[in-house]
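Student: Input target.pdb, format and content: PDB, C-alpha atoms.
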```pdb
MODEL        1
ATOM      1  CA  MET A   1     -32.071 -70.428  10.245
ATOM      2  CA  SER A   2     -29.656 -67.740   9.027
ATOM      3  CA  LEU A   3     -30.962 -64.336   8.047
ATOM      4  CA  ASP A   4     -30.996 -63.259   4.408
ATOM      5  CA  PHE A   5     -30.115 -59.565   4.030
ATOM      6  CA  SER A   6     -29.887 -59.664   0.227
ATOM      7  CA  ALA A   7     -32.878 -57.306  -0.199
ATOM      8  CA  VAL A   8     -31.453 -54.668   2.141
ATOM      9  CA  PRO A   9     -30.332 -51.582   0.183
ATOM     10  CA  ARG A  10     -26.596 -50.971  -0.023
ATOM     11  CA  MET A  11     -24.943 -47.745   1.026
ATOM     12  CA  PRO A  12     -24.288 -45.084  -1.662
ATOM     13  CA  ASP A  13     -20.638 -46.192  -1.890
ATOM     14  CA  GLY A  14     -21.669 -49.793  -2.566
ATOM     15  CA  ARG A  15     -20.892 -51.240   0.849
ATOM     16  CA  THR A  16     -23.448 -53.385   2.611
ATOM     17  CA  ALA A  17     -24.903 -52.275   5.931
ATOM     18  CA  ALA A  18     -23.178 -55.228   7.579
ATOM     19  CA  GLU A  19     -19.800 -54.056   6.275
ATOM     20  CA  HIS A  20     -20.371 -50.564   7.655
ATOM     21  CA  ILE A  21     -21.465 -51.879  11.059
ATOM     22  CA  GLU A  22     -18.428 -54.165  11.189
ATOM     23  CA  GLU A  23     -16.116 -51.244  10.356
ATOM     24  CA  VAL A  24     -17.501 -49.224  13.267
ATOM     25  CA  ALA A  25     -17.414 -52.216  15.616
ATOM     26  CA  ALA A  26     -13.768 -52.842  14.673
ATOM     27  CA  LYS A  27     -12.869 -49.491  16.266
ATOM     28  CA  SER A  28     -14.119 -50.702  19.648
ATOM     29  CA  GLU A  29     -12.877 -53.050  22.313
ATOM     30  CA  VAL A  30     -15.439 -55.850  22.469
ATOM     31  CA  VAL A  31     -15.941 -57.133  26.000
ATOM     32  CA  ARG A  32     -18.203 -59.848  27.428
ATOM     33  CA  VAL A  33     -18.508 -59.758  31.202
ATOM     34  CA  PRO A  34     -20.376 -61.931  33.726
ATOM     35  CA  MET A  35     -23.751 -60.570  34.749
ATOM     36  CA  GLY A  36     -24.414 -62.602  37.873
ATOM     37  CA  ASN A  37     -26.761 -65.285  36.563
ATOM     38  CA  GLY A  38     -24.241 -67.447  34.736
ATOM     39  CA  GLY A  39     -24.594 -65.495  31.505
ATOM     40  CA  LYS A  40     -22.487 -62.747  29.983
ATOM     41  CA  MET A  41     -23.256 -59.236  28.791
ATOM     42  CA  MET A  42     -21.735 -57.747  25.637
ATOM     43  CA  TRP A  43     -20.244 -54.258  25.537
ATOM     44  CA  HIS A  44     -18.520 -52.266  22.795
ATOM     45  CA  VAL A  45     -16.079 -49.786  24.344
ATOM     46  CA  PHE A  46     -14.958 -46.814  22.239
ATOM     47  CA  GLY A  47     -12.152 -44.395  23.011
ATOM     48  CA  ALA A  48     -11.625 -45.410  26.639
ATOM     49  CA  ALA A  49      -9.007 -43.259  28.357
ATOM     50  CA  PRO A  50      -8.473 -42.393  32.035
ATOM     51  CA  GLU A  51      -8.764 -38.651  31.408
ATOM     52  CA  LYS A  52     -12.193 -38.901  29.765
ATOM     53  CA  PRO A  53     -15.525 -39.031  31.624
ATOM     54  CA  ILE A  54     -17.396 -42.319  31.256
ATOM     55  CA  LEU A  55     -20.636 -42.473  29.280
ATOM     56  CA  LEU A  56     -22.823 -45.580  29.194
ATOM     57  CA  LEU A  57     -25.201 -46.021  26.255
ATOM     58  CA  PHE A  58     -28.305 -48.187  26.811
ATOM     59  CA  HIS A  59     -30.187 -48.946  23.584
ATOM     60  CA  GLY A  60     -33.899 -49.332  22.922
ATOM     61  CA  GLY A  61     -36.232 -52.316  23.040
ATOM     62  CA  SER A  62     -35.509 -55.266  20.744
ATOM     63  CA  GLY A  63     -32.274 -53.437  19.915
ATOM     64  CA  SER A  64     -28.532 -53.566  20.468
ATOM     65  CA  TRP A  65     -25.555 -51.218  20.528
ATOM     66  CA  ILE A  66     -26.218 -50.611  16.822
ATOM     67  CA  HIS A  67     -28.910 -48.108  17.853
ATOM     68  CA  TRP A  68     -25.898 -45.836  18.536
ATOM     69  CA  ILE A  69     -24.063 -46.539  15.253
ATOM     70  CA  ARG A  70     -23.948 -42.815  14.342
ATOM     71  CA  ASN A  71     -23.014 -41.711  17.851
ATOM     72  CA  VAL A  72     -20.305 -43.925  19.298
ATOM     73  CA  LEU A  73     -17.374 -42.511  17.326
ATOM     74  CA  PRO A  74     -18.251 -38.786  17.635
ATOM     75  CA  LEU A  75     -19.061 -39.201  21.333
ATOM     76  CA  SER A  76     -15.835 -41.131  21.944
ATOM     77  CA  GLU A  77     -13.937 -37.900  21.189
ATOM     78  CA  HIS A  78     -15.367 -36.566  24.464
ATOM     79  CA  PHE A  79     -16.130 -39.651  26.564
ATOM     80  CA  SER A  80     -15.000 -43.178  27.266
ATOM     81  CA  VAL A  81     -18.057 -44.741  25.637
ATOM     82  CA  TYR A  82     -19.454 -48.047  26.882
ATOM     83  CA  ALA A  83     -22.230 -49.164  24.523
ATOM     84  CA  ALA A  84     -24.164 -52.072  26.003
ATOM     85  CA  ASP A  85     -26.154 -54.920  24.553
ATOM     86  CA  LEU A  86     -28.777 -55.167  27.278
ATOM     87  CA  PRO A  87     -29.539 -58.646  28.685
ATOM     88  CA  GLY A  88     -31.542 -60.804  26.298
ATOM     89  CA  LEU A  89     -30.872 -58.429  23.408
ATOM     90  CA  GLY A  90     -28.123 -58.126  20.818
ATOM     91  CA  ASP A  91     -25.293 -60.516  21.658
ATOM     92  CA  SER A  92     -25.957 -60.603  25.410
ATOM     93  CA  ASP A  93     -27.301 -63.645  27.203
ATOM     94  CA  PRO A  94     -30.836 -63.399  28.632
ATOM     95  CA  PRO A  95     -31.770 -62.491  32.199
ATOM     96  CA  ASP A  96     -33.494 -65.070  34.372
ATOM     97  CA  ASP A  97     -36.903 -63.536  33.637
ATOM     98  CA  VAL A  98     -37.247 -61.916  30.202
ATOM     99  CA  ASN A  99     -40.514 -60.255  31.287
ATOM    100  CA  ASP A 100     -39.172 -58.539  34.418
ATOM    101  CA  ILE A 101     -37.358 -55.199  34.452
ATOM    102  CA  TRP A 102     -35.599 -55.909  37.738
ATOM    103  CA  SER A 103     -34.263 -59.201  36.386
ATOM    104  CA  VAL A 104     -32.734 -57.209  33.519
ATOM    105  CA  THR A 105     -31.493 -54.459  35.818
ATOM    106  CA  HIS A 106     -29.717 -56.728  38.281
ATOM    107  CA  CYS A 107     -27.853 -58.370  35.400
ATOM    108  CA  VAL A 108     -26.777 -54.920  34.178
ATOM    109  CA  GLU A 109     -25.746 -53.966  37.709
ATOM    110  CA  ALA A 110     -23.536 -57.053  38.043
ATOM    111  CA  ALA A 111     -21.937 -56.449  34.639
ATOM    112  CA  MET A 112     -21.271 -52.792  35.433
ATOM    113  CA  LYS A 113     -19.500 -53.751  38.650
ATOM    114  CA  GLU A 114     -17.291 -56.128  36.672
ATOM    115  CA  LEU A 115     -16.560 -53.697  33.837
ATOM    116  CA  LEU A 116     -16.333 -50.117  35.097
ATOM    117  CA  PRO A 117     -13.434 -48.562  36.996
ATOM    118  CA  LYS A 118     -14.526 -48.620  40.623
ATOM    119  CA  ASP A 119     -13.249 -45.148  41.471
ATOM    120  CA  GLN A 120     -15.023 -43.231  38.690
ATOM    121  CA  SER A 121     -18.469 -41.736  38.350
ATOM    122  CA  PHE A 122     -20.310 -41.911  35.038
ATOM    123  CA  ALA A 123     -23.252 -40.640  33.007
ATOM    124  CA  ILE A 124     -25.877 -42.634  31.113
ATOM    125  CA  ALA A 125     -27.861 -42.002  27.952
ATOM    126  CA  GLY A 126     -30.810 -44.384  27.815
ATOM    127  CA  PHE A 127     -32.926 -44.669  24.676
ATOM    128  CA  SER A 128     -36.531 -45.906  24.930
ATOM    129  CA  PHE A 129     -36.267 -49.220  26.846
ATOM    130  CA  GLY A 130     -32.741 -48.182  27.794
ATOM    131  CA  GLY A 131     -34.240 -45.162  29.552
ATOM    132  CA  MET A 132     -36.366 -47.510  31.614
ATOM    133  CA  VAL A 133     -33.295 -49.539  32.551
ATOM    134  CA  SER A 134     -31.395 -46.323  33.346
ATOM    135  CA  GLY A 135     -34.044 -45.252  35.825
ATOM    136  CA  HIS A 136     -33.815 -48.553  37.663
ATOM    137  CA  ILE A 137     -30.000 -48.557  37.602
ATOM    138  CA  ALA A 138     -30.080 -45.068  39.160
ATOM    139  CA  THR A 139     -31.549 -46.556  42.344
ATOM    140  CA  LEU A 140     -28.616 -48.989  42.606
ATOM    141  CA  PHE A 141     -25.740 -46.545  41.943
ATOM    142  CA  PRO A 142     -27.078 -43.356  43.589
ATOM    143  CA  ASP A 143     -23.639 -41.950  44.426
ATOM    144  CA  ARG A 144     -21.833 -42.672  41.166
ATOM    145  CA  ILE A 145     -24.134 -41.464  38.371
ATOM    146  CA  GLU A 146     -23.588 -37.815  37.507
ATOM    147  CA  ARG A 147     -26.634 -37.441  35.234
ATOM    148  CA  ILE A 148     -28.938 -39.503  33.039
ATOM    149  CA  ALA A 149     -30.149 -38.358  29.630
ATOM    150  CA  LEU A 150     -33.476 -40.042  28.958
ATOM    151  CA  VAL A 151     -33.842 -40.311  25.173
ATOM    152  CA  GLY A 152     -37.455 -40.897  24.116
ATOM    153  CA  ALA A 153     -37.729 -42.989  27.273
ATOM    154  CA  GLY A 154     -40.322 -45.748  27.468
ATOM    155  CA  GLY A 155     -42.316 -47.035  30.411
ATOM    156  CA  LEU A 156     -43.967 -43.711  31.277
ATOM    157  CA  LYS A 157     -47.577 -43.510  32.394
ATOM    158  CA  ALA A 158     -48.515 -40.828  29.891
ATOM    159  CA  THR A 159     -50.774 -40.358  26.889
ATOM    160  CA  ARG A 160     -49.735 -42.018  23.656
ATOM    161  CA  LYS A 161     -51.502 -41.524  20.359
ATOM    162  CA  PRO A 162     -52.713 -44.827  18.872
ATOM    163  CA  GLY A 163     -50.739 -45.981  15.856
ATOM    164  CA  ALA A 164     -50.572 -48.803  13.361
ATOM    165  CA  LYS A 165     -49.587 -52.180  14.738
ATOM    166  CA  LEU A 166     -46.038 -53.361  14.084
ATOM    167  CA  HIS A 167     -45.567 -56.611  12.166
ATOM    168  CA  LYS A 168     -43.432 -59.411  13.562
ATOM    169  CA  LEU A 169     -40.257 -60.129  11.618
ATOM    170  CA  LEU A 170     -39.477 -63.807  11.110
ATOM    171  CA  ALA A 171     -36.167 -65.255   9.926
ATOM    172  CA  GLU A 172     -37.953 -67.586   7.515
ATOM    173  CA  MET A 173     -39.587 -64.736   5.579
ATOM    174  CA  PRO A 174     -38.396 -64.202   1.988
ATOM    175  CA  PRO A 175     -35.689 -61.512   1.976
ATOM    176  CA  GLU A 176     -37.871 -59.008   0.087
ATOM    177  CA  THR A 177     -40.691 -59.447   2.617
ATOM    178  CA  LEU A 178     -38.306 -59.165   5.545
ATOM    179  CA  ALA A 179     -36.824 -55.917   4.245
ATOM    180  CA  ALA A 180     -40.241 -54.461   3.392
ATOM    181  CA  GLU A 181     -41.709 -55.293   6.798
ATOM    182  CA  ALA A 182     -38.643 -53.878   8.563
ATOM    183  CA  ARG A 183     -39.010 -50.653   6.570
ATOM    184  CA  ARG A 184     -42.698 -50.450   7.474
ATOM    185  CA  ASN A 185     -42.000 -50.902  11.203
ATOM    186  CA  LEU A 186     -39.237 -48.290  11.117
ATOM    187  CA  GLU A 187     -41.555 -45.770   9.448
ATOM    188  CA  ILE A 188     -44.301 -46.423  12.008
ATOM    189  CA  LEU A 189     -42.223 -46.385  15.177
ATOM    190  CA  MET A 190     -38.656 -45.264  14.787
ATOM    191  CA  LEU A 191     -38.096 -42.607  12.118
ATOM    192  CA  HIS A 192     -40.225 -39.605  11.216
ATOM    193  CA  ASP A 193     -39.062 -39.008   7.634
ATOM    194  CA  PRO A 194     -39.399 -42.067   5.355
ATOM    195  CA  LYS A 195     -36.232 -40.884   3.596
ATOM    196  CA  SER A 196     -34.342 -41.617   6.826
ATOM    197  CA  VAL A 197     -35.068 -45.333   6.447
ATOM    198  CA  ASP A 198     -31.872 -46.535   4.799
ATOM    199  CA  GLY A 199     -30.115 -49.872   4.480
ATOM    200  CA  ILE A 200     -28.347 -49.592   7.821
ATOM    201  CA  ALA A 201     -31.628 -48.969   9.642
ATOM    202  CA  ILE A 202     -33.331 -51.860   7.827
ATOM    203  CA  HIS A 203     -30.424 -54.238   8.485
ATOM    204  CA  MET A 204     -30.388 -53.232  12.154
ATOM    205  CA  GLN A 205     -34.131 -53.758  12.499
ATOM    206  CA  ILE A 206     -34.027 -57.237  10.971
ATOM    207  CA  LEU A 207     -30.964 -58.356  12.926
ATOM    208  CA  ASN A 208     -32.051 -57.017  16.300
ATOM    209  CA  THR A 209     -35.732 -57.870  16.363
ATOM    210  CA  THR A 210     -35.403 -61.430  15.088
ATOM    211  CA  ARG A 211     -32.993 -62.378  17.901
ATOM    212  CA  ALA A 212     -34.547 -60.406  20.778
ATOM    213  CA  LYS A 213     -35.463 -62.476  23.833
ATOM    214  CA  THR A 214     -36.214 -59.826  26.455
ATOM    215  CA  ARG A 215     -39.824 -58.626  26.260
ATOM    216  CA  SER A 216     -39.255 -54.905  26.594
ATOM    217  CA  ARG A 217     -42.682 -53.910  25.301
ATOM    218  CA  ILE A 218     -44.411 -55.757  28.136
ATOM    219  CA  MET A 219     -42.366 -53.758  30.636
ATOM    220  CA  GLY A 220     -43.121 -50.483  28.879
ATOM    221  CA  GLN A 221     -46.841 -51.167  28.834
ATOM    222  CA  ALA A 222     -46.652 -51.773  32.595
ATOM    223  CA  PHE A 223     -45.230 -48.228  33.061
ATOM    224  CA  ARG A 224     -42.114 -49.509  34.836
ATOM    225  CA  LEU A 225     -40.200 -46.232  34.499
ATOM    226  CA  SER A 226     -42.975 -44.175  36.077
ATOM    227  CA  GLU A 227     -43.104 -46.749  38.856
ATOM    228  CA  VAL A 228     -39.463 -46.216  39.855
ATOM    229  CA  LEU A 229     -39.009 -42.485  39.079
ATOM    230  CA  PRO A 230     -40.005 -41.230  42.569
ATOM    231  CA  ARG A 231     -36.982 -43.114  43.938
ATOM    232  CA  VAL A 232     -34.514 -41.630  41.431
ATOM    233  CA  LYS A 233     -32.335 -38.895  42.914
ATOM    234  CA  THR A 234     -29.892 -38.708  39.984
ATOM    235  CA  PRO A 235     -30.386 -35.527  37.913
ATOM    236  CA  LEU A 236     -32.362 -36.253  34.760
ATOM    237  CA  THR A 237     -32.370 -34.537  31.371
ATOM    238  CA  GLY A 238     -34.629 -35.326  28.427
ATOM    239  CA  ILE A 239     -33.683 -35.565  24.744
ATOM    240  CA  TRP A 240     -36.667 -36.251  22.490
ATOM    241  CA  GLY A 241     -37.312 -36.096  18.786
ATOM    242  CA  GLU A 242     -39.967 -33.503  17.923
ATOM    243  CA  PHE A 243     -42.172 -36.108  16.226
ATOM    244  CA  ASP A 244     -41.386 -39.100  18.457
ATOM    245  CA  SER A 245     -44.144 -41.603  17.644
ATOM    246  CA  THR A 246     -44.372 -42.676  21.295
ATOM    247  CA  THR A 247     -44.939 -39.108  22.483
ATOM    248  CA  TYR A 248     -46.168 -36.654  19.832
ATOM    249  CA  PRO A 249     -48.211 -34.487  20.357
ATOM    250  CA  HIS A 250     -48.122 -34.993  24.140
ATOM    251  CA  ILE A 251     -44.583 -33.830  24.958
ATOM    252  CA  GLN A 252     -45.754 -31.320  27.592
ATOM    253  CA  GLU A 253     -47.318 -34.125  29.578
ATOM    254  CA  ARG A 254     -43.880 -35.779  29.859
ATOM    255  CA  ILE A 255     -42.253 -32.496  30.849
ATOM    256  CA  ASP A 256     -44.838 -31.962  33.589
ATOM    257  CA  LEU A 257     -44.360 -35.540  34.812
ATOM    258  CA  PHE A 258     -40.610 -35.130  35.203
ATOM    259  CA  ARG A 259     -40.771 -31.617  36.673
ATOM    260  CA  ALA A 260     -43.196 -32.768  39.339
ATOM    261  CA  LEU A 261     -40.333 -34.933  40.608
ATOM    262  CA  GLN A 262     -37.336 -32.822  39.578
ATOM    263  CA  PRO A 263     -38.306 -29.134  39.169
ATOM    264  CA  GLY A 264     -35.038 -28.373  37.348
ATOM    265  CA  PHE A 265     -35.645 -30.998  34.656
ATOM    266  CA  GLU A 266     -34.864 -29.759  31.129
ATOM    267  CA  MET A 267     -36.431 -31.230  28.007
ATOM    268  CA  ASN A 268     -34.383 -30.867  24.833
ATOM    269  CA  VAL A 269     -36.498 -31.357  21.703
ATOM    270  CA  ILE A 270     -34.641 -31.970  18.445
ATOM    271  CA  ALA A 271     -36.564 -30.574  15.483
ATOM    272  CA  GLY A 272     -37.781 -32.839  12.703
ATOM    273  CA  ALA A 273     -36.720 -36.116  14.298
ATOM    274  CA  GLY A 274     -38.727 -39.150  15.307
ATOM    275  CA  HIS A 275     -38.314 -41.687  18.106
ATOM    276  CA  TRP A 276     -34.843 -42.860  17.033
ATOM    277  CA  VAL A 277     -33.494 -39.331  17.308
ATOM    278  CA  ALA A 278     -29.897 -40.480  17.806
ATOM    279  CA  TYR A 279     -29.941 -41.883  14.269
ATOM    280  CA  GLU A 280     -32.267 -39.541  12.393
ATOM    281  CA  ALA A 281     -30.674 -36.345  13.722
ATOM    282  CA  ALA A 282     -27.298 -37.713  14.775
ATOM    283  CA  GLU A 283     -25.267 -34.514  14.528
ATOM    284  CA  ALA A 284     -27.706 -32.450  16.609
ATOM    285  CA  PHE A 285     -28.114 -35.333  19.050
ATOM    286  CA  ASN A 286     -24.379 -35.788  19.554
ATOM    287  CA  GLU A 287     -23.910 -32.074  20.204
ATOM    288  CA  LYS A 288     -26.706 -32.103  22.751
ATOM    289  CA  VAL A 289     -25.318 -35.143  24.565
ATOM    290  CA  VAL A 290     -21.933 -33.446  24.924
ATOM    291  CA  GLU A 291     -23.625 -30.255  26.112
ATOM    292  CA  VAL A 292     -25.742 -31.902  28.812
ATOM    293  CA  LEU A 293     -23.563 -34.809  29.956
ATOM    294  CA  LYS A 294     -19.940 -33.719  29.708
ATOM    295  CA  PRO A 295     -18.736 -32.336  33.069
TER     296      PRO A 295
ENDMDL
END
```
Output the structure of this file as structure tokens.

Tutor:
Amino acid sequence: MSLDFSAVPRMPDGRTAAEHIEEVAAKSEVVRVPMGNGGKMMWHVFGAAPEKPILLLFHGGSGSWIHWIRNVLPLSEHFSVYAADLPGLGDSDPPDDVNDIWSVTHCVEAAMKELLPKDQSFAIAGFSFGGMVSGHIATLFPDRIERIALVGAGGLKATRKPGAKLHKLLAEMPPETLAAEARRNLEILMLHDPKSVDGIAIHMQILNTTRAKTRSRIMGQAFRLSEVLPRVKTPLTGIWGEFDSTTYPHIQERIDLFRALQPGFEMNVIAGAGHWVAYEAAEAFNEKVVEVLKP
């Protein structure tokens, strides 16, 4: 069943969210590479050039590269940006086990070996579930990753304030219901200010969550990032939204957790933003990524 986006608000200039996303995507090189299990992994590559450092972007759970829609072009002025669709999400084929973080990670590892220049190091920014994947990838490329920015990373064994339950989005819902439920979920989990929930965010939420196969929430609830962190030797930096729904008001607990393993860990908190800080406070986020990840 095809999705009906007719109830998704248009942009102020009259364009649909889909048209805007397509315009950004058109500025990338779209690459599908084998990921070792017979499937292929989708990447959007922006501004690749030999003289630029490489930056990998790993999106959040039930997401895709669109989580970085406000970041890929500004960041590509400073980096060769490789924005992934993680296995079983976006346009990438699923891993062998959609419930297992290592099944996901080994697919990403195989795709990275196919895609990236073999003589270059790189940095990673991993948002939410992508932070969990980044931590696991760090154990497989210990000599090539310069630094990882964990962005509202999931899978940590730390206190989380109870919140309202998210509603499942179904393709067969009437378009008005689908858009309303997507807005509700975004306000609960992703964005702090309801005014930040625009047509692009709603379109993204509908598109990504209705096609997601990998069960990222199961992995997060099993604290898979905390499980692997003691083995991570790559320098870590945190970028969190001040009001991240997965963290607030327990940010210090995360800082203490990371500093127990890496005493030099720095937490960068972006004022006024929620969990999806890269979207809600894109300009501040982009500046911080350049500051902490550019050599």

Student: A:Ala138: which residues within 8 Å, counting only C-alpha atoms, same-chain residues fewer than 3 positions away excluded, as a list in words?

Tutor: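 So the residues in contact are Ser134, Gly135, Phe141, Pro142, Ile145, Val232, Lys233 and Thr234 of chain A.
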
Student: Determine the axis-aligned bounding box of all atoms of stretch 167-178 of chain A present in the file, pad each side by 8 Å, and express its centre and edge lengths in Å to one decimal place as AutoDock Vina command-line options.

Tutor:
```
--center_x -40.6 --center_y -62.1 --center_z 6.8 --size_x 25.9 --size_y 27.0 --size_z 29.5
```

Student: I need the output of the PyMOL selection byres ((chain A and resi 190) around 9) for this file as a VMD selection string; which residues are they?

Tutor: chain A and resid 185 to 189 191 to 192 244 to 245 274 to 277 280

Student: What would the selection look like, as a ChimeraX atom specification, if the PyMOL selection byres ((chain A and resi 83) around 7) were run on the coordinates I just shared?

Tutor: /A:43-45,56-58,65,81-82,84-85

Student: Using all atoms listed in the file, pick whichever of A:Ile101, A:Ala7, A:Val24, A:Ala212 has the shortest atom-to-atom distance to A:Pro74.

Tutor: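 Under the stated criterion, the closest residue is A:Val24.
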
Student: List as a Markdown table every residue of stretch 4-38 of chain A that is in contact with stretch 94-99 of chain A, defined as an atom at most 10 Å from one of its atoms (using all atoms listed in the file), together with the nearest atom pair and the distance in Å rounded to one decimal, sorted by chain and then rising number.

Tutor:
```
| residue | atom | partner | partner_atom | distance |
| --- | --- | --- | --- | --- |
| A:Met35 | CA | A:Pro95 | CA | 8.6 |
| A:Gly36 | CA | A:Pro95 | CA | 9.3 |
| A:Asn37 | CA | A:Asp96 | CA | 7.1 |
| A:Gly38 | CA | A:Pro95 | CA | 9.4 |
```

Student: Place a sphere of radius 12 Å on (-17.9, -56.9, 23.5) in the file coordinates and name every protein, DNA or RNA residue with an atom inside or on its surface, counting all atoms listed in the file; give the answer as a ChimeraX atom specification.

Tutor: /A:25-34,40-46,64-65,82-86,90-92,111,115

Student: Please produce an output containing C-alpha atoms for each residue in the selection, written as a short mmCIF file (atom, residue, chain, number, x, y, z; two decimals), in the coordinates of the input.

Tutor:
```
data_model
loop_
_atom_site.label_atom_id
_atom_site.label_comp_id
_atom_site.auth_asym_id
_atom_site.auth_seq_id
_atom_site.Cartn_x
_atom_site.Cartn_y
_atom_site.Cartn_z
CA ALA A 25 -17.41 -52.22 15.62
CA ALA A 26 -13.77 -52.84 14.67
CA LYS A 27 -12.87 -49.49 16.27
CA SER A 28 -14.12 -50.70 19.65
CA GLU A 29 -12.88 -53.05 22.31
CA VAL A 30 -15.44 -55.85 22.47
CA VAL A 31 -15.94 -57.13 26.00
CA ARG A 32 -18.20 -59.85 27.43
CA VAL A 33 -18.51 -59.76 31.20
CA PRO A 34 -20.38 -61.93 33.73
CA LYS A 40 -22.49 -62.75 29.98
CA MET A 41 -23.26 -59.24 28.79
CA MET A 42 -21.74 -57.75 25.64
CA TRP A 43 -20.24 -54.26 25.54
CA HIS A 44 -18.52 -52.27 22.80
CA VAL A 45 -16.08 -49.79 24.34
CA PHE A 46 -14.96 -46.81 22.24
CA SER A 64 -28.53 -53.57 20.47
CA TRP A 65 -25.56 -51.22 20.53
CA TYR A 82 -19.45 -48.05 26.88
CA ALA A 83 -22.23 -49.16 24.52
CA ALA A 84 -24.16 -52.07 26.00
CA ASP A 85 -26.15 -54.92 24.55
CA LEU A 86 -28.78 -55.17 27.28
CA GLY A 90 -28.12 -58.13 20.82
CA ASP A 91 -25.29 -60.52 21.66
CA SER A 92 -25.96 -60.60 25.41
CA ALA A 111 -21.94 -56.45 34.64
CA LEU A 115 -16.56 -53.70 33.84
#
```

Student: Would you mind listing what lies within 7 Å of stretch 251-258 of chain A as a list in words, with all atoms listed in the file counted and same-chain residues fewer than 6 positions away left out?

Tutor: Ala158, Phe265 and Met267 of chain A

Student: Please indicate the distance in Å from atom CA of A:Phe223 to atom CA of A:Leu150, rounded to one decimal place.

Tutor: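 Atom-to-atom, atom CA of A:Phe223 and atom CA of A:Leu150 are spaced 14.9 Å apart.
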
Student: Which residues match the PyMOL selection byres ((chain A and resi 54) around 7) in the file above, as a PyMOL selection string?

Tutor: chain A and resi 52-53+55-56+79-81+122-123

Student: So how many Å separate atom CA of A:Arg211 and atom CA of A:Glu172, to one decimal?

Tutor: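 Calculated distance between atom CA of A:Arg211 and atom CA of A:Glu172 is 12.6 Å.
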
Student: What's the separation between atom CA of A:Ile148 and atom CA of A:Ala125, in Å to one decimal place?

Tutor: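 Atom CA of A:Ala125 lies at a distance of 5.8 Å from atom CA of A:Ile148.
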